[in-house]
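Q: Here it is: the structure, laid out below.
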Amino acid sequence: MTELTGMTPQELQAWCASSGLPAFRGKQIFRWIHQGADFDGMTNLPLSLREKLKAEAVAQPVQMVQERRSQLDDTVKFLFGLRDGNCVEGVLMHYHHGYTLCISTQVGCRMGCTFCASTLDGCVRSLTAGEMLGEVLCANRYLAGRDRVHNIVLMGSGEPLDNYDNVMRFLRLLREEDGVNIGLRNVSLSTCGLVPRMYDLAEENLPVTLSVSLHAPNDEIRRMTMPVAKVYPMEELLAACRNYIEKTGRRVVFEYALVGGVNCEEKHAIELAGRLRGMQCHVNLIPLNVVEERGLQGVTEDTVRRFMRTLEDRHISVTRRREMGDDIEGACGQLRRKTLQQAQGREG
């Protein structure tokens with residue numbers, strides 16, 4: 001079965017022509033797909049063509065199999081089902097500027113960061129560009145008649161730069177005028193720090209916001225929680241960040257999860273400020289979501305405020321990430337992992 005969701009309008013026209021169909025049908029199919037329609041809903045196509053398409057191709061490779069709405073805010077956690085039986089997560093968040101969708105780029109993750117539930121079972125496989133787009137289309141169907149997704153964050157399960165080619169194709173599909181038409185300045189791509197791919201991304205001429213999971217002020221602490229730091233030291237990582245800023249003119253966002261007893265003291269904030277001084281950047285502080293399997297501790301509100309104040313006093317732009325979806329397991333990998341465990345328990 002051919003997955004059509006990851007094709008450009010030109011590729012769909014070529015596919016139609018190669019399948020003995022009029023090429024103009026490709027543009028029609030593209031528009032329907034990006035409206036979230038399956039073949040039965042493509043009402044301006046002949047019935048015979050729709051039946052042919054159903055036998056040969058896939059329009060929507062992702063289906064919503066579970067949703068959890070927060071009682072604390074407007075956040076919704078989705079569990080998306082893939083055609084091979086795997087599942088991934090997405091989180092829809094409502095801000096004053098519109099809806100933001102956090103999507104997954106892989107089934108699981110192989111980066112091994114100790115504070116993240118996504119990596120506990122490793123990486124099963126990478127998502128196709130069509131599957132990533134399918135997550136967006138599912139969210140738009142959920143919002144149908146009310147609104148649509150305006151902003152995308154590639155910060156769910158998986159390391160986007162570990163799935164580089166599919167992610168680049170997905171980004172280009174996002175901005176197609178006849179598609180979901182989301183400008184790439186409304187997209188944030190999060191990486192744990194795959195330095196060579198960061199240099200590649202800087203050359204793509206795609207104005208996405210680069211968000212780097214830093215989580216430590218030095219290599220010694222970073223290596224305790226992030227295996228990638230053993231391959232790419234902080235100086236190499238920050239050099240790649242400076243290159244991205246120079247090439248794109250866009251600031252880099254540093255994600256910093258505050259972990260009790262590890263990286264949250266005033267001395268850590270002072271060291272971090274020293275490393276980032278003079279860089280066009282922003283620090284996003286994240287009080288740790290406790291991951292029971294890892295035994296890591298959260299931090300107090302006083303600790304968060306003190307860390308922020310120390311950075312601000314040293315002229316580092318910083319905010320605390322707004323906590324959303326705490327009551328629906330909003331952090332990466334939690335819902336998928338619990339669902340898998342429940343399924344295994346039933347099989348046992």
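FYI, nothing fancy with the structure tokens labels: chains A, B, ... in order, residues from 1 per chain, ligands from 1 as they appear.
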I need the strand (DSSP E) residues of region 27-232 of chain A per DSSP on the backbone, written as a PyMOL selection string.
A: chain A and resi 57-58+62-69+76-82+87-95+98-103+106-108+123-126+149-154+187-191+209-213
Q: Could you write out, as number ranges by chain, all the residues of region 96-324 of chain A that DSSP marks as helix (DSSP H, G or I)?
A: A: 117-119, 129-142, 160-174, 184-186, 195-202, 219-225, 227-230, 234-248, 266-276, 292-294, 301-313
Q: Of the candidates A:Leu4, A:Ala257, A:Val231, A:Leu47, which shows the shortest atom-to-atom distance to Lys27 (chain A), using only C-alpha atoms?
A: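 For Lys27 (chain A), the nearest of the given residues is A:Leu4.
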Q: Would you pick out the contacts of Ser157 (chain A) at 12 Å or less, using only C-alpha atoms, so that residues sharing its chain but fewer than 2 positions from it are not included, and give the list as an MDAnalysis selection string?
A: chainID A and resid 79:80 87:91 102:113 116:127 132 153:155 159:160 162:163 190:191 330:337
Q: Using only C-alpha atoms, can you tell me which of A:Arg175, A:Gln28, A:Gln66, A:Leu272 comes closest to Asn44 (chain A)?
A: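 Looking at the shortest contact to Asn44 (chain A), the residue is A:Gln28.
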